[in-house]
file query-v3.pdb (PDB, C-alpha atoms, pLDDT in the B column)
ATOM      1  CA  PRO E  21      25.740  21.206  15.185  1.00 56.00           C
ATOM      2  CA  SER E  22      27.068  17.882  13.962  1.00 58.00           C
ATOM      3  CA  HIS E  23      30.810  17.395  13.527  1.00 73.00           C
ATOM      4  CA  GLY E  24      30.337  14.322  11.379  1.00 89.00           C
ATOM      5  CA  ILE E  25      29.054  10.799  11.681  1.00 97.00           C
ATOM      6  CA  GLU E  26      29.528   9.401  15.193  1.00 97.00           C
ATOM      7  CA  VAL E  27      27.283   6.340  14.923  1.00 98.00           C
ATOM      8  CA  ILE E  28      26.599   3.883  12.107  1.00 98.00           C
ATOM      9  CA  CYS E  29      23.727   1.430  12.527  1.00 97.00           C
ATOM     10  CA  LEU E  30      24.083  -1.697  10.409  1.00 97.00           C
ATOM     11  CA  GLY E  31      20.880  -3.478  11.401  1.00 97.00           C
ATOM     12  CA  LEU E  32      18.431  -4.508   8.705  1.00 97.00           C
ATOM     13  CA  SER E  33      15.213  -2.600   8.144  1.00 95.00           C
ATOM     14  CA  ARG E  34      12.407  -3.499  10.566  1.00 94.00           C
ATOM     15  CA  THR E  35      14.807  -4.347  13.400  1.00 96.00           C
ATOM     16  CA  GLY E  36      13.962  -1.221  15.370  1.00 94.00           C
ATOM     17  CA  THR E  37      15.734   1.308  13.153  1.00 95.00           C
ATOM     18  CA  SER E  38      12.930   3.885  13.463  1.00 93.00           C
ATOM     19  CA  SER E  39      13.085   3.769  17.256  1.00 95.00           C
ATOM     20  CA  LEU E  40      16.878   3.940  17.157  1.00 97.00           C
ATOM     21  CA  LYS E  41      16.745   6.935  14.813  1.00 96.00           C
ATOM     22  CA  ALA E  42      14.471   8.745  17.252  1.00 96.00           C
ATOM     23  CA  ALA E  43      16.683   7.817  20.218  1.00 97.00           C
ATOM     24  CA  LEU E  44      19.915   8.912  18.532  1.00 97.00           C
ATOM     25  CA  SER E  45      18.296  12.176  17.456  1.00 95.00           C
ATOM     26  CA  ILE E  46      17.714  12.898  21.143  1.00 96.00           C
ATOM     27  CA  ILE E  47      21.217  12.208  22.463  1.00 96.00           C
ATOM     28  CA  LEU E  48      23.464  13.144  19.532  1.00 96.00           C
ATOM     29  CA  PRO E  49      24.198  16.723  18.422  1.00 94.00           C
ATOM     30  CA  GLY E  50      22.936  16.201  14.868  1.00 95.00           C
ATOM     31  CA  LYS E  51      20.255  14.305  12.983  1.00 96.00           C
ATOM     32  CA  THR E  52      20.105  10.609  12.122  1.00 97.00           C
ATOM     33  CA  PHE E  53      19.787   9.655   8.458  1.00 97.00           C
ATOM     34  CA  HIS E  54      17.100   7.025   7.854  1.00 95.00           C
ATOM     35  CA  ALA E  55      15.090   5.735   4.892  1.00 92.00           C
ATOM     36  CA  MET E  56      12.481   8.406   5.595  1.00 90.00           C
ATOM     37  CA  ASP E  57      15.146  11.109   5.214  1.00 94.00           C
ATOM     38  CA  PHE E  58      16.093   9.508   1.906  1.00 93.00           C
ATOM     39  CA  LEU E  59      12.483   9.725   0.729  1.00 89.00           C
ATOM     40  CA  ASN E  60      12.196  13.343   1.865  1.00 90.00           C
ATOM     41  CA  GLN E  61      15.140  14.173  -0.416  1.00 92.00           C
ATOM     42  CA  ILE E  62      13.937  12.164  -3.407  1.00 87.00           C
ATOM     43  CA  ASN E  63      13.438  15.245  -5.614  1.00 87.00           C
ATOM     44  CA  ASN E  64      16.815  16.676  -4.639  1.00 90.00           C
ATOM     45  CA  GLU E  65      19.458  16.632  -7.377  1.00 91.00           C
ATOM     46  CA  GLU E  66      22.331  16.571  -4.875  1.00 94.00           C
ATOM     47  CA  SER E  67      20.846  13.498  -3.224  1.00 95.00           C
ATOM     48  CA  TYR E  68      20.425  11.805  -6.599  1.00 93.00           C
ATOM     49  CA  ASN E  69      24.030  12.482  -7.592  1.00 96.00           C
ATOM     50  CA  PHE E  70      25.364  11.245  -4.255  1.00 97.00           C
ATOM     51  CA  TRP E  71      23.426   7.982  -4.132  1.00 97.00           C
ATOM     52  CA  LYS E  72      24.124   7.300  -7.796  1.00 96.00           C
ATOM     53  CA  SER E  73      27.842   7.660  -7.033  1.00 97.00           C
ATOM     54  CA  MET E  74      27.443   5.270  -4.095  1.00 97.00           C
ATOM     55  CA  LYS E  75      25.761   2.729  -6.364  1.00 96.00           C
ATOM     56  CA  ASP E  76      28.435   3.190  -9.041  1.00 96.00           C
ATOM     57  CA  GLU E  77      31.181   2.888  -6.386  1.00 96.00           C
ATOM     58  CA  SER E  78      32.621   6.213  -7.527  1.00 97.00           C
ATOM     59  CA  ALA E  79      32.001   8.142  -4.291  1.00 97.00           C
ATOM     60  CA  THR E  80      35.187   9.032  -2.423  1.00 97.00           C
ATOM     61  CA  LYS E  81      35.587   9.054   1.363  1.00 97.00           C
ATOM     62  CA  GLU E  82      35.445  12.854   1.179  1.00 96.00           C
ATOM     63  CA  ASP E  83      32.186  12.721  -0.815  1.00 97.00           C
ATOM     64  CA  ILE E  84      30.608  10.462   1.781  1.00 97.00           C
ATOM     65  CA  CYS E  85      31.733  12.551   4.746  1.00 97.00           C
ATOM     66  CA  ASN E  86      30.695  15.820   3.119  1.00 96.00           C
ATOM     67  CA  PHE E  87      27.215  14.614   2.184  1.00 97.00           C
ATOM     68  CA  PHE E  88      26.279  13.758   5.750  1.00 97.00           C
ATOM     69  CA  THR E  89      28.213  16.508   7.524  1.00 95.00           C
ATOM     70  CA  THR E  90      26.865  19.363   5.392  1.00 94.00           C
ATOM     71  CA  HIS E  91      23.328  18.224   6.185  1.00 94.00           C
ATOM     72  CA  ASN E  92      24.034  18.033   9.942  1.00 95.00           C
ATOM     73  CA  TYR E  93      23.844  14.267  10.371  1.00 97.00           C
ATOM     74  CA  SER E  94      25.540  12.592  13.328  1.00 97.00           C
ATOM     75  CA  ALA E  95      24.339   9.053  12.594  1.00 98.00           C
ATOM     76  CA  VAL E  96      23.034   6.842   9.805  1.00 98.00           C
ATOM     77  CA  CYS E  97      20.773   3.796   9.862  1.00 97.00           C
ATOM     78  CA  ASP E  98      18.391   1.738   7.734  1.00 96.00           C
ATOM     79  CA  ILE E  99      18.314   1.416   3.946  1.00 95.00           C
ATOM     80  CA  PRO E 100      20.019   2.507   1.789  1.00 96.00           C
ATOM     81  CA  CYS E 101      22.919   3.310   4.147  1.00 97.00           C
ATOM     82  CA  ASN E 102      23.246  -0.258   5.345  1.00 96.00           C
ATOM     83  CA  ILE E 103      23.560  -1.445   1.725  1.00 96.00           C
ATOM     84  CA  TYR E 104      26.755   0.616   1.394  1.00 98.00           C
ATOM     85  CA  TRP E 105      27.892   0.133   4.957  1.00 98.00           C
ATOM     86  CA  ARG E 106      31.467  -0.870   4.130  1.00 97.00           C
ATOM     87  CA  ASP E 107      32.128   2.389   2.271  1.00 98.00           C
ATOM     88  CA  ILE E 108      30.431   4.471   4.966  1.00 98.00           C
ATOM     89  CA  VAL E 109      32.403   2.745   7.737  1.00 98.00           C
ATOM     90  CA  LYS E 110      35.688   3.253   5.845  1.00 97.00           C
ATOM     91  CA  ALA E 111      34.873   6.948   5.471  1.00 97.00           C
ATOM     92  CA  HIS E 112      34.225   7.242   9.242  1.00 97.00           C
ATOM     93  CA  PRO E 113      36.826   5.033  10.951  1.00 96.00           C
ATOM     94  CA  ASN E 114      36.143   6.543  14.393  1.00 96.00           C
ATOM     95  CA  ALA E 115      32.387   5.989  14.310  1.00 97.00           C
ATOM     96  CA  LYS E 116      30.788   3.545  16.716  1.00 98.00           C
ATOM     97  CA  ILE E 117      28.814   0.698  15.189  1.00 98.00           C
ATOM     98  CA  ILE E 118      25.402  -0.577  16.281  1.00 98.00           C
ATOM     99  CA  LEU E 119      23.764  -3.762  15.051  1.00 98.00           C
ATOM    100  CA  THR E 120      20.046  -3.796  15.828  1.00 98.00           C
ATOM    101  CA  THR E 121      18.570  -7.280  16.160  1.00 97.00           C
ATOM    102  CA  ARG E 122      15.149  -8.867  16.410  1.00 96.00           C
ATOM    103  CA  ASP E 123      13.610 -12.324  16.433  1.00 97.00           C
ATOM    104  CA  PRO E 124      14.181 -13.365  12.799  1.00 97.00           C
ATOM    105  CA  VAL E 125      10.706 -14.867  12.313  1.00 97.00           C
ATOM    106  CA  GLU E 126       9.044 -11.685  13.589  1.00 95.00           C
ATOM    107  CA  TRP E 127      11.437  -9.646  11.449  1.00 96.00           C
ATOM    108  CA  TYR E 128      10.401 -11.524   8.310  1.00 96.00           C
ATOM    109  CA  LYS E 129       6.692 -11.104   9.115  1.00 94.00           C
ATOM    110  CA  SER E 130       7.313  -7.374   9.465  1.00 92.00           C
ATOM    111  CA  ILE E 131       9.162  -6.850   6.186  1.00 93.00           C
ATOM    112  CA  ASN E 132       6.709  -9.128   4.391  1.00 92.00           C
ATOM    113  CA  LYS E 133       3.858  -6.926   5.556  1.00 89.00           C
ATOM    114  CA  ALA E 134       5.393  -3.469   5.437  1.00 86.00           C
ATOM    115  CA  LEU E 135       8.190  -3.397   2.850  1.00 89.00           C
ATOM    116  CA  ILE E 136       8.130  -6.238   0.330  1.00 89.00           C
ATOM    117  CA  PRO E 137       4.666  -5.390  -1.105  1.00 87.00           C
ATOM    118  CA  ILE E 138       5.441  -1.726  -1.782  1.00 82.00           C
ATOM    119  CA  ALA E 139       8.903  -2.530  -3.148  1.00 86.00           C
ATOM    120  CA  SER E 140       7.399  -5.154  -5.472  1.00 85.00           C
ATOM    121  CA  GLN E 141       4.704  -2.755  -6.669  1.00 82.00           C
ATOM    122  CA  ILE E 142       7.191  -0.059  -7.550  1.00 80.00           C
ATOM    123  CA  LYS E 143       9.413  -2.569  -9.349  1.00 79.00           C
ATOM    124  CA  ARG E 144       6.462  -4.029 -11.277  1.00 78.00           C
ATOM    125  CA  TRP E 145       5.184  -0.634 -12.376  1.00 70.00           C
ATOM    126  CA  THR E 146       8.528   1.092 -12.956  1.00 71.00           C
ATOM    127  CA  TRP E 147       7.562   2.224 -16.474  1.00 67.00           C
ATOM    128  CA  LEU E 148       4.337   3.739 -15.182  1.00 68.00           C
ATOM    129  CA  CYS E 149       6.071   5.455 -12.278  1.00 70.00           C
ATOM    130  CA  ARG E 150       8.577   6.942 -14.717  1.00 69.00           C
ATOM    131  CA  LEU E 151       5.709   8.260 -16.825  1.00 72.00           C
ATOM    132  CA  VAL E 152       4.027   9.875 -13.821  1.00 71.00           C
ATOM    133  CA  CYS E 153       7.285  11.458 -12.621  1.00 66.00           C
ATOM    134  CA  TYR E 154       8.020  12.827 -16.077  1.00 66.00           C
ATOM    135  CA  ILE E 155       4.517  14.327 -16.345  1.00 69.00           C
ATOM    136  CA  PHE E 156       4.755  16.045 -12.948  1.00 67.00           C
ATOM    137  CA  TYR E 157       8.491  16.748 -12.604  1.00 65.00           C
ATOM    138  CA  ARG E 158       9.913  16.473 -16.141  1.00 65.00           C
ATOM    139  CA  LYS E 159      12.491  14.013 -14.791  1.00 69.00           C
ATOM    140  CA  CYS E 160      12.600  10.384 -13.654  1.00 68.00           C
ATOM    141  CA  CYS E 161      15.502  10.374 -11.188  1.00 75.00           C
ATOM    142  CA  GLN E 162      13.048   9.634  -8.372  1.00 82.00           C
ATOM    143  CA  ILE E 163      12.466   6.152  -9.756  1.00 83.00           C
ATOM    144  CA  ASP E 164      16.204   5.494  -9.932  1.00 86.00           C
ATOM    145  CA  LEU E 165      16.460   6.493  -6.272  1.00 88.00           C
ATOM    146  CA  LEU E 166      13.579   4.186  -5.325  1.00 89.00           C
ATOM    147  CA  GLY E 167      15.458   1.404  -7.107  1.00 90.00           C
ATOM    148  CA  ILE E 168      18.461   2.096  -4.874  1.00 93.00           C
ATOM    149  CA  LEU E 169      16.317   2.307  -1.741  1.00 92.00           C
ATOM    150  CA  PHE E 170      14.499  -0.993  -2.336  1.00 92.00           C
ATOM    151  CA  HIS E 171      17.372  -2.919  -3.924  1.00 93.00           C
ATOM    152  CA  GLN E 172      17.895  -5.058  -0.837  1.00 94.00           C
ATOM    153  CA  ILE E 173      14.170  -5.537  -0.214  1.00 93.00           C
ATOM    154  CA  ASN E 174      13.657  -6.768  -3.783  1.00 92.00           C
ATOM    155  CA  SER E 175      16.462  -9.323  -3.535  1.00 93.00           C
ATOM    156  CA  LYS E 176      15.441 -12.907  -4.281  1.00 93.00           C
ATOM    157  CA  ALA E 177      16.550 -14.061  -0.840  1.00 95.00           C
ATOM    158  CA  LEU E 178      13.890 -11.988   0.918  1.00 95.00           C
ATOM    159  CA  GLN E 179      10.922 -13.282  -1.056  1.00 92.00           C
ATOM    160  CA  GLN E 180      10.560 -16.528   0.935  1.00 95.00           C
ATOM    161  CA  GLU E 181      10.642 -16.932   4.726  1.00 96.00           C
ATOM    162  CA  SER E 182      13.308 -19.651   4.868  1.00 97.00           C
ATOM    163  CA  SER E 183      15.776 -17.860   2.598  1.00 97.00           C
ATOM    164  CA  ALA E 184      15.004 -14.518   4.245  1.00 97.00           C
ATOM    165  CA  ILE E 185      15.839 -15.849   7.707  1.00 97.00           C
ATOM    166  CA  GLU E 186      19.039 -17.335   6.322  1.00 98.00           C
ATOM    167  CA  PHE E 187      19.836 -13.917   4.823  1.00 98.00           C
ATOM    168  CA  TYR E 188      19.178 -12.296   8.217  1.00 98.00           C
ATOM    169  CA  HIS E 189      21.635 -14.590  10.012  1.00 98.00           C
ATOM    170  CA  GLU E 190      24.282 -14.256   7.298  1.00 98.00           C
ATOM    171  CA  TRP E 191      23.972 -10.460   7.403  1.00 98.00           C
ATOM    172  CA  ASN E 192      24.456 -10.317  11.156  1.00 98.00           C
ATOM    173  CA  ASP E 193      27.291 -12.855  11.069  1.00 98.00           C
ATOM    174  CA  ASP E 194      29.090 -10.732   8.451  1.00 98.00           C
ATOM    175  CA  ILE E 195      28.825  -7.655  10.679  1.00 98.00           C
ATOM    176  CA  LEU E 196      30.034  -9.552  13.726  1.00 98.00           C
ATOM    177  CA  ALA E 197      33.011 -10.899  11.791  1.00 98.00           C
ATOM    178  CA  SER E 198      33.903  -7.540  10.226  1.00 98.00           C
ATOM    179  CA  ILE E 199      33.604  -5.075  13.129  1.00 98.00           C
ATOM    180  CA  PRO E 200      35.869  -5.283  16.212  1.00 97.00           C
ATOM    181  CA  SER E 201      33.796  -6.348  19.207  1.00 96.00           C
ATOM    182  CA  ASN E 202      35.022  -3.390  21.292  1.00 97.00           C
ATOM    183  CA  ASN E 203      33.453  -0.999  18.768  1.00 98.00           C
ATOM    184  CA  LEU E 204      30.189  -2.859  18.237  1.00 98.00           C
ATOM    185  CA  LEU E 205      26.931  -2.820  20.192  1.00 98.00           C
ATOM    186  CA  VAL E 206      24.491  -5.620  19.386  1.00 98.00           C
ATOM    187  CA  PHE E 207      21.296  -3.889  20.391  1.00 98.00           C
ATOM    188  CA  ASP E 208      17.672  -4.848  20.914  1.00 97.00           C
ATOM    189  CA  VAL E 209      15.685  -1.602  21.138  1.00 96.00           C
ATOM    190  CA  ARG E 210      13.563  -3.161  23.898  1.00 95.00           C
ATOM    191  CA  SER E 211      16.630  -2.777  26.135  1.00 96.00           C
ATOM    192  CA  GLY E 212      16.096   0.981  26.184  1.00 96.00           C
ATOM    193  CA  TRP E 213      18.552   3.742  27.028  1.00 97.00           C
ATOM    194  CA  GLY E 214      20.913   1.820  29.321  1.00 97.00           C
ATOM    195  CA  PRO E 215      23.158  -0.156  26.955  1.00 98.00           C
ATOM    196  CA  LEU E 216      22.897   2.484  24.215  1.00 98.00           C
ATOM    197  CA  CYS E 217      24.024   5.411  26.341  1.00 97.00           C
ATOM    198  CA  GLU E 218      26.720   3.371  28.061  1.00 97.00           C
ATOM    199  CA  PHE E 219      28.153   2.315  24.697  1.00 98.00           C
ATOM    200  CA  LEU E 220      28.028   5.821  23.215  1.00 97.00           C
ATOM    201  CA  GLU E 221      29.188   7.439  26.465  1.00 96.00           C
ATOM    202  CA  TYR E 222      26.304   9.897  26.544  1.00 96.00           C
ATOM    203  CA  PRO E 223      24.165  10.730  29.598  1.00 96.00           C
ATOM    204  CA  GLN E 224      20.851   8.894  29.752  1.00 96.00           C
ATOM    205  CA  PRO E 225      17.866  11.150  28.944  1.00 96.00           C
ATOM    206  CA  LYS E 226      15.068  11.473  31.473  1.00 94.00           C
ATOM    207  CA  GLN E 227      12.386  10.892  28.858  1.00 95.00           C
ATOM    208  CA  ASP E 228      11.240   7.410  27.907  1.00 95.00           C
ATOM    209  CA  PHE E 229      13.055   5.559  25.153  1.00 96.00           C
ATOM    210  CA  PRO E 230      11.091   6.120  21.917  1.00 93.00           C
ATOM    211  CA  ARG E 231       9.014   3.186  20.702  1.00 88.00           C
ATOM    212  CA  LEU E 232       8.143   3.757  17.075  1.00 81.00           C
ATOM    213  CA  ASN E 233       6.557   1.478  14.537  1.00 72.00           C
ATOM    214  CA  ASP E 234       6.055   2.900  11.036  1.00 57.00           C
ATOM    215  CA  ALA E 235       4.541  -0.294   9.611  1.00 51.00           C
ATOM    216  CA  ALA E 236       1.075   1.264   9.438  1.00 55.00           C
ATOM    217  CA  ALA E 237       2.444   4.227   7.485  1.00 54.00           C
ATOM    218  CA  LEU E 238       4.230   1.904   5.055  1.00 49.00           C
ATOM    219  CA  VAL E 239       1.052  -0.111   4.469  1.00 49.00           C
ATOM    220  CA  LYS E 240      -0.763   3.172   3.863  1.00 53.00           C
ATOM    221  CA  HIS E 241       1.862   4.138   1.275  1.00 48.00           C
ATOM    222  CA  GLN E 242       1.386   0.736  -0.363  1.00 51.00           C
ATOM    223  CA  ARG E 243      -2.351   1.395  -0.739  1.00 54.00           C
ATOM    224  CA  TYR E 244      -1.631   4.859  -2.091  1.00 48.00           C
ATOM    225  CA  VAL E 245       0.695   3.420  -4.746  1.00 50.00           C
ATOM    226  CA  SER E 246      -1.974   0.851  -5.711  1.00 51.00           C
ATOM    227  CA  LEU E 247      -4.573   3.599  -6.054  1.00 47.00           C
ATOM    228  CA  LEU E 248      -2.235   5.816  -8.052  1.00 50.00           C
ATOM    229  CA  VAL E 249      -1.334   2.973 -10.426  1.00 49.00           C
ATOM    230  CA  SER E 250      -5.020   2.152 -10.945  1.00 53.00           C
ATOM    231  CA  LEU E 251      -5.938   5.774 -11.695  1.00 49.00           C
ATOM    232  CA  VAL E 252      -3.068   6.240 -14.127  1.00 53.00           C
ATOM    233  CA  LEU E 253      -3.878   2.979 -15.920  1.00 49.00           C
ATOM    234  CA  VAL E 254      -7.507   4.045 -16.276  1.00 53.00           C
ATOM    235  CA  PHE E 255      -6.328   7.400 -17.634  1.00 50.00           C
ATOM    236  CA  VAL E 256      -3.814   5.888 -20.075  1.00 51.00           C
ATOM    237  CA  PHE E 257      -6.142   3.215 -21.416  1.00 50.00           C
ATOM    238  CA  GLY E 258      -8.983   5.742 -21.516  1.00 58.00           C
ATOM    239  CA  ILE E 259      -6.957   7.964 -23.809  1.00 55.00           C
ATOM    240  CA  PHE E 260      -5.891   4.955 -25.879  1.00 50.00           C
ATOM    241  CA  GLY E 261      -9.492   3.774 -26.211  1.00 56.00           C
ATOM    242  CA  THR E 262     -10.651   7.232 -27.225  1.00 59.00           C
ATOM    243  CA  LEU E 263      -7.958   7.438 -29.914  1.00 56.00           C
ATOM    244  CA  VAL E 264      -8.943   4.004 -31.261  1.00 54.00           C
ATOM    245  CA  LEU E 265     -12.594   5.024 -31.446  1.00 55.00           C
ATOM    246  CA  LEU E 266     -11.625   8.289 -33.137  1.00 61.00           C
ATOM    247  CA  VAL E 267      -9.539   6.466 -35.747  1.00 58.00           C
ATOM    248  CA  LEU E 268     -12.392   4.014 -36.406  1.00 59.00           C
ATOM    249  CA  ALA E 269     -14.897   6.862 -36.701  1.00 60.00           C
ATOM    250  CA  LEU E 270     -12.685   8.731 -39.158  1.00 59.00           C
ATOM    251  CA  GLY E 271     -12.278   5.521 -41.174  1.00 60.00           C
ATOM    252  CA  ILE E 272     -16.034   5.079 -41.380  1.00 60.00           C
ATOM    253  CA  LEU E 273     -16.577   8.697 -42.389  1.00 56.00           C
ATOM    254  CA  ALA E 274     -13.884   8.427 -45.028  1.00 54.00           C
TER     255      ALA E 274
END

call {"tool": "encode", "arguments": {"input": "query-v3.pdb", "output": "structure tokens"}}
result
Amino acid sequence: PSHGIEVICLGLSRTGTSSLKAALSIILPGKTFHAMDFLNQINNEESYNFWKSMKDESATKEDICNFFTTHNYSAVCDIPCNIYWRDIVKAHPNAKIILTTRDPVEWYKSINKALIPIASQIKRWTWLCRLVCYIFYRKCCQIDLLGILFHQINSKALQQESSAIEFYHEWNDDILASIPSNNLLVFDVRSGWGPLCEFLEYPQPKQDFPRLNDAAALVKHQRYVSLLVSLVLVFVFGIFGTLVLLVLALGILA
């Protein structure tokens, strides 16, 4: 079982965070919290209350520690954890910090393909998503959580390649300036187990270092959202059209 957060990854999404999550889940005693874990908990009231408190800056160090420890997490990475990294680091002063890196041009191509489109769709159709959630769940907290998850991805800086690359460098420079070098591993997942296990002081597993790429799954989710929006719009405007025709027919009969 996990005894709390041992590792905090501050790399941006699409810098190898999925592979790192899988690797840390192999060598650490507990799980690694990632954006996919966030999505798996999107209907959970406890998760909603916690992330809302993080957004409102009302979460205490104890709240942050308890949320991850009670769910058996030993590490955190990816959005939305990296958005609130300063609070999470303060709550876990003994945790080791990892900054995943990637060629910035390739990084931008990746987020532009896998994340920005789905984040933009959800933002554009927020009202419709709220309607769907209310119909199926009688609550709309899921949309608030998606707003938290994609807050960074929807930022103006990431919408153009030049400003996105500048954002990438500024993000990494901020981490490098804020975290003591003796407690920071700048890590390219292509390096494999060696530097990771040496830094964390864990034995190197015999199995190959995991190489994951969830871009295809994210693109699939994007298409699913597009289909869902189209179907709901057809349904809504179909009902509206029927009501208009009914009102006209009643007017004629009157």

call {"tool": "resolve_selection", "arguments": {"input": "query-v3.pdb", "expression": "the PyMOL selection byres ((chain E and resi 52) around 9)", "output": "compact mmCIF listing (two decimals) with C-alpha atoms, in the frame of the given file"}}
result
# COMPACT_ATOMS: atom_id res chain seq x y z
CA ILE E 25 29.05 10.80 11.68
CA VAL E 27 27.28 6.34 14.92
CA LEU E 40 16.88 3.94 17.16
CA LYS E 41 16.74 6.94 14.81
CA ALA E 42 14.47 8.74 17.25
CA LEU E 44 19.92 8.91 18.53
CA SER E 45 18.30 12.18 17.46
CA LEU E 48 23.46 13.14 19.53
CA GLY E 50 22.94 16.20 14.87
CA LYS E 51 20.26 14.30 12.98
CA PHE E 53 19.79 9.65 8.46
CA HIS E 54 17.10 7.02 7.85
CA ASP E 57 15.15 11.11 5.21
CA ASN E 92 24.03 18.03 9.94
CA TYR E 93 23.84 14.27 10.37
CA SER E 94 25.54 12.59 13.33
CA ALA E 95 24.34 9.05 12.59
CA VAL E 96 23.03 6.84 9.80
CA CYS E 97 20.77 3.80 9.86

call {"tool": "atom_distance", "arguments": {"input": "query-v3.pdb", "atom1": "atom CA of Lys143 of chain E", "atom2": "atom CA of Gln172 of chain E"}}
result
12.3 Å

call {"tool": "atom_distance", "arguments": {"input": "query-v3.pdb", "atom1": "atom CA of Cys29 of chain E", "atom2": "atom CA of Ser201 of chain E"}}
result
14.4 Å

call {"tool": "atom_distance", "arguments": {"input": "query-v3.pdb", "atom1": "atom CA of Pro100 of chain E", "atom2": "atom CA of His171 of chain E"}}
result
8.3 Å

call {"tool": "closest_residue", "arguments": {"input": "query-v3.pdb", "among": "E:Ile138, E:Gly31, E:Arg122, E:Cys101", "to": "Ser211 of chain E", "atoms": "all atoms listed in the file"}}
result
E:Arg122

call {"tool": "closest_residue", "arguments": {"input": "query-v3.pdb", "among": "E:Glu26, E:Ser182, E:Asp208, E:Leu216", "to": "Val109 of chain E", "atoms": "all atoms listed in the file"}}
result
E:Glu26

call {"tool": "closest_residue", "arguments": {"input": "query-v3.pdb", "among": "E:Leu205, E:Ile168, E:Leu232, E:Ala184", "to": "Tyr68 of chain E", "atoms": "only C-alpha atoms"}}
result
E:Ile168

call {"tool": "resolve_selection", "arguments": {"input": "query-v3.pdb", "expression": "the PyMOL selection byres ((chain E and resi 231) around 9)", "output": "number ranges by chain"}}
result
E: 36, 38-40, 42-43, 209-210, 228-230, 232-233

call {"tool": "resolve_selection", "arguments": {"input": "query-v3.pdb", "expression": "the PyMOL selection byres ((chain E and resi 126) around 12)", "output": "PyMOL selection string"}}
result
chain E and resi 34-36+121-125+127-133+181+184-185+188

call {"tool": "residues_around", "arguments": {"input": "query-v3.pdb", "residues": "Glu65 of chain E", "least_positions_apart": "4", "cutoff": "10 Å", "atoms": "all atoms listed in the file", "output": "PyMOL selection string"}}
result
chain E and resi 61+69-70+161-162
